[in-house]
Amino acid sequence: MTVREGSLEAPTRHPLDWKNPEFFDERKLDQELARVFDICHGCRRCVNLCTAFPTLFDLVDNSKTMEVDGVATADYGKVVDQCYLCDMCYMTKCPYVPPHAWNVDFPHLMLRAKAVKFRRHGAGLRDRLLSATDAMGKLAAIPVVAQTVNAVNRLPVARSLMEKTLGVHRERQLPDYASRKFRSSAALSKPHAPKDGKNTPGKVAIFATCYVNYNEPGMGHDLLALLEHNEVPHVLVEKEACCGMPKLELGDLDAVARLKETNIPPLVRLAREGYAILAPVPSCTLMFKQELPLMFPEDADVKAVQDAMFDPFEYFVMRAKDGLLKKDFKEPLGKVSYHVPCHSRVQNMGQKTREMLEMVPGTVVSTVERCAGHDGTWGVKREYYENSMKIGRPVFRQMAEPGPDYVSSDCPIAARHIRQGMGEEAPQAVKAHPLTLLRKAYGI
């Protein structure tokens, strides 16, 4: 833990005061941006995290005063646009986060600025489409449509047109759409008696996520197989919509609230029935563990879901500590280059995926704990693609160095980005999600 001036307390986080009309007051927002930017300018510890801070420091250094007061408020948006809400400045670098008196929460200030911009100007077609994960997934998951979309996404001519019309960079590798979504193809659990442990409920509910439902249903099937092998009874959440993270990143807080109203009722019923809730995508887990509780701090249902929510590997490692996880591994995994996503790190649970994979005999895990630079829809966009590859360059190099058999990340989007960035540096490396690797190790 970083020792913070005037306080030895652990970092804390204040609720997002988004229902206060002053939250959307542009004059007050500019005042707070200037205050925080001045603190960041005087510190500069975060210069190597992303492109938001270099953008800010360049604006200051090229101004007439070489201070924040020399930067035009109209240019503050250039900094905001470079922030993709990874939270790493708050979690790993900043010595001035609460309870420090300076009360710096850079990511949530950027979120506030995005929300003010969205309320005033809305969003363009590209951003509306990219953040409409359910709508796009339902359309593309129609069998013939899915095959057509996947084929078009690989055509250079089509990608050039997509870049010109929608602003999706032509070189960004996009995920395929599955012709059959996970929720319609998931096998039912065999009857098992729940075995509660000291740290873990003995039954699981799965929040599938848009990505698993529409893009990589295999991740969901791997999770089902792992639970079945370990005799953990499990169900799918009866009804689900997007967790809200893409809308949050856009600053559309009202849409986040609407999605919360869809998701929380079925989730809280399961939480109060004693289920652990697992979401196989870190950003979705984080949404329920952190962002919704900070947006709705007085909502008892949101709090109950927060307490029941687990990252899958967090659950498995705690299950192992309870003596209730099988370790009958049949196949070594060799060398695994494993990337810890930012939205896993923010959950403050430690490196549970690494711990789990290292339980497999004949497996060596090389861990890279640094932002890869894709971050939701940000790295897809034409104007940010080059920066996303620049931020990821150290990660690409470190992931390739051990000559791995597998390249893996809990975030499937980050894994695709990393494998693209590695190019032919490790030609033998296969991209595989950690759930897939663990299933392979069990031989199931």
# chains A, B, ... in the order shown; residues from 1 in each chain; ligands from 1
call {"tool": "select_by_dssp", "arguments": {"residues": "segment 16-222 of chain A", "states": "helix (DSSP H, G or I)", "output": "PyMOL selection string"}}
result
chain A and resi 21-24+26-43+52-61+68-70+73-82+88-93+106-121+125-131+133-140+143-152+156-166+182-185+210-214+217-222
call {"tool": "residues_around", "arguments": {"residues": "Phe57 of chain A", "least_positions_apart": "4", "cutoff": "8 Å", "atoms": "only C-alpha atoms", "output": "PyMOL selection string"}}
result
chain A and resi 41+53+61
call {"tool": "residues_around", "arguments": {"residues": "Lys352 of chain A", "least_positions_apart": "2", "cutoff": "7 Å", "atoms": "only C-alpha atoms", "output": "ChimeraX atom specification"}}
result
/A:313-314,317,350,354-356
call {"tool": "write_last_selection", "arguments": {"atoms": "N, CA and C atoms", "output": "short mmCIF file (atom, residue, chain, number, x, y, z; two decimals), in the first residue's frame"}}
result
data_model
loop_
_atom_site.label_atom_id
_atom_site.label_comp_id
_atom_site.auth_asym_id
_atom_site.auth_seq_id
_atom_site.Cartn_x
_atom_site.Cartn_y
_atom_site.Cartn_z
N PHE A 313 -12.16 -16.97 -11.01
CA PHE A 313 -10.94 -17.51 -10.40
C PHE A 313 -10.81 -17.12 -8.94
N GLU A 314 -11.38 -16.00 -8.57
CA GLU A 314 -11.49 -15.67 -7.15
C GLU A 314 -12.28 -16.76 -6.44
N VAL A 317 -10.18 -20.19 -6.34
CA VAL A 317 -9.08 -20.18 -5.37
C VAL A 317 -9.63 -20.24 -3.94
N GLY A 350 -6.13 -9.69 -5.58
CA GLY A 350 -4.88 -10.40 -5.83
C GLY A 350 -4.93 -11.12 -7.17
N ARG A 354 -3.62 -16.36 -11.74
CA ARG A 354 -2.25 -16.90 -11.70
C ARG A 354 -2.14 -18.00 -10.64
N GLU A 355 -2.69 -17.74 -9.45
CA GLU A 355 -2.63 -18.74 -8.37
C GLU A 355 -3.26 -20.06 -8.82
N MET A 356 -4.39 -19.96 -9.50
CA MET A 356 -5.09 -21.17 -9.91
C MET A 356 -4.29 -21.92 -10.98
#
call {"tool": "closest_residue", "arguments": {"among": "A:His374, A:His108, A:His100, A:Arg269", "to": "Ala308 of chain A", "atoms": "only C-alpha atoms"}}
result
A:Arg269
call {"tool": "residues_around", "arguments": {"residues": "Arg393 of chain A", "least_positions_apart": "6", "cutoff": "9 Å", "atoms": "only C-alpha atoms", "output": "list of chain:residue names"}}
result
A:Ala372, A:Gly373, A:Ile418, A:Gly421, A:Met422
call {"tool": "write_last_selection", "arguments": {"atoms": "C-alpha atoms", "output": "PDB file, in the first residue's frame"}}
result
ATOM      1  CA  ALA A 372      -2.579  -3.358 -22.505  1.00  0.00           C
ATOM      2  CA  GLY A 373      -4.285  -0.265 -23.899  1.00  0.00           C
ATOM      3  CA  ILE A 418      -2.163  -8.459 -27.166  1.00  0.00           C
ATOM      4  CA  GLY A 421       0.304  -6.608 -31.085  1.00  0.00           C
ATOM      5  CA  MET A 422       2.709  -9.505 -30.608  1.00  0.00           C
TER       6      MET A 422
END
call {"tool": "residues_around", "arguments": {"residues": "segment 362-365 of chain A", "least_positions_apart": "6", "cutoff": "8 Å", "atoms": "only C-alpha atoms", "output": "PyMOL selection string"}}
result
chain A and resi 332-338+354
call {"tool": "residues_around", "arguments": {"residues": "Thr92 of chain A", "least_positions_apart": "3", "cutoff": "10 Å", "atoms": "only C-alpha atoms", "output": "VMD selection string"}}
result
chain A and resid 1 to 2 46 49 87 to 89 95 345 to 346
call {"tool": "write_last_selection", "arguments": {"atoms": "N, CA and C atoms", "output": "mmCIF file, in the first residue's frame"}}
result
data_model
loop_
_atom_site.group_PDB
_atom_site.id
_atom_site.type_symbol
_atom_site.label_atom_id
_atom_site.label_comp_id
_atom_site.auth_asym_id
_atom_site.auth_seq_id
_atom_site.Cartn_x
_atom_site.Cartn_y
_atom_site.Cartn_z
ATOM 1 N N MET A 1 0.834 -1.196 0.000
ATOM 2 C CA MET A 1 0.000 0.000 0.000
ATOM 3 C C MET A 1 0.869 1.246 0.000
ATOM 4 N N THR A 2 0.510 2.227 -0.788
ATOM 5 C CA THR A 2 1.236 3.482 -0.820
ATOM 6 C C THR A 2 0.956 4.271 0.448
ATOM 7 N N CYS A 46 2.032 9.738 -12.947
ATOM 8 C CA CYS A 46 1.226 8.871 -13.821
ATOM 9 C C CYS A 46 1.573 9.039 -15.299
ATOM 10 N N LEU A 49 1.355 5.888 -17.601
ATOM 11 C CA LEU A 49 0.227 4.957 -17.508
ATOM 12 C C LEU A 49 -0.583 4.872 -18.789
ATOM 13 N N ASP A 87 -8.802 3.005 -14.272
ATOM 14 C CA ASP A 87 -8.682 3.161 -12.814
ATOM 15 C C ASP A 87 -7.270 2.937 -12.281
ATOM 16 N N MET A 88 -6.306 2.717 -13.141
ATOM 17 C CA MET A 88 -4.976 2.386 -12.647
ATOM 18 C C MET A 88 -4.279 3.564 -11.963
ATOM 19 N N CYS A 89 -4.551 4.799 -12.395
ATOM 20 C CA CYS A 89 -3.937 5.935 -11.702
ATOM 21 C C CYS A 89 -4.419 5.974 -10.256
ATOM 22 N N PRO A 95 -0.839 9.463 -4.979
ATOM 23 C CA PRO A 95 -0.738 9.551 -3.518
ATOM 24 C C PRO A 95 -1.776 10.467 -2.897
ATOM 25 N N ARG A 345 -7.457 -6.002 -11.660
ATOM 26 C CA ARG A 345 -6.620 -5.405 -10.622
ATOM 27 C C ARG A 345 -7.426 -4.485 -9.716
ATOM 28 N N VAL A 346 -8.373 -3.747 -10.303
ATOM 29 C CA VAL A 346 -9.171 -2.792 -9.537
ATOM 30 C C VAL A 346 -10.017 -3.498 -8.473
#
call {"tool": "closest_residue", "arguments": {"among": "A:Lys19, A:Lys303, A:Arg370, A:Lys28", "to": "Lys289 of chain A", "atoms": "only C-alpha atoms"}}
result
A:Lys303
call {"tool": "residues_around", "arguments": {"residues": "Leu294 of chain A", "least_positions_apart": "5", "cutoff": "9 Å", "atoms": "only C-alpha atoms", "output": "JSON, numbers by chain"}}
result
{"A": [13, 14, 15, 16, 17]}
call {"tool": "write_last_selection", "arguments": {"atoms": "C-alpha atoms", "output": "JSON list (two decimals), in the first residue's frame"}}
result
[["chain", "number", "residue", "atom", "x", "y", "z"],
["A", 13, "ARG", "CA", -13.68, 5.98, -2.62],
["A", 14, "HIS", "CA", -16.58, 8.39, -2.37],
["A", 15, "PRO", "CA", -19.92, 7.63, -4.03],
["A", 16, "LEU", "CA", -20.50, 9.18, -7.42],
["A", 17, "ASP", "CA", -22.70, 12.21, -6.74]]
call {"tool": "atom_distance", "arguments": {"atom1": "atom CA of Glu240 of chain A", "atom2": "atom CA of Pro312 of chain A"}}
result
18.0 Å
call {"tool": "closest_residue", "arguments": {"among": "A:Arg272, A:Lys114, A:Arg44, A:Arg128", "to": "Phe23 of chain A", "atoms": "only C-alpha atoms"}}
result
A:Lys114
call {"tool": "atom_distance", "arguments": {"atom1": "atom CA of Val212 of chain A", "atom2": "atom CA of Phe182 of chain A"}}
result
6.5 Å
call {"tool": "select_by_dssp", "arguments": {"residues": "segment 84-218 of chain A", "states": "strand (DSSP E or B)", "output": "mmCIF file with N, CA and C atoms, in the first residue's frame"}}
result
data_model
loop_
_atom_site.group_PDB
_atom_site.id
_atom_site.type_symbol
_atom_site.label_atom_id
_atom_site.label_comp_id
_atom_site.auth_asym_id
_atom_site.auth_seq_id
_atom_site.Cartn_x
_atom_site.Cartn_y
_atom_site.Cartn_z
ATOM 1 N N VAL A 168 -14.328 3.062 -37.182
ATOM 2 C CA VAL A 168 -13.726 1.866 -36.585
ATOM 3 C C VAL A 168 -12.450 1.558 -37.363
ATOM 4 N N VAL A 204 -23.805 -21.775 -7.483
ATOM 5 C CA VAL A 204 -23.369 -20.646 -8.313
ATOM 6 C C VAL A 204 -24.456 -20.264 -9.302
ATOM 7 N N ALA A 205 -24.616 -18.960 -9.496
ATOM 8 C CA ALA A 205 -25.425 -18.417 -10.583
ATOM 9 C C ALA A 205 -24.497 -17.693 -11.549
ATOM 10 N N ILE A 206 -24.684 -17.907 -12.824
ATOM 11 C CA ILE A 206 -23.783 -17.342 -13.838
ATOM 12 C C ILE A 206 -24.461 -16.182 -14.551
#
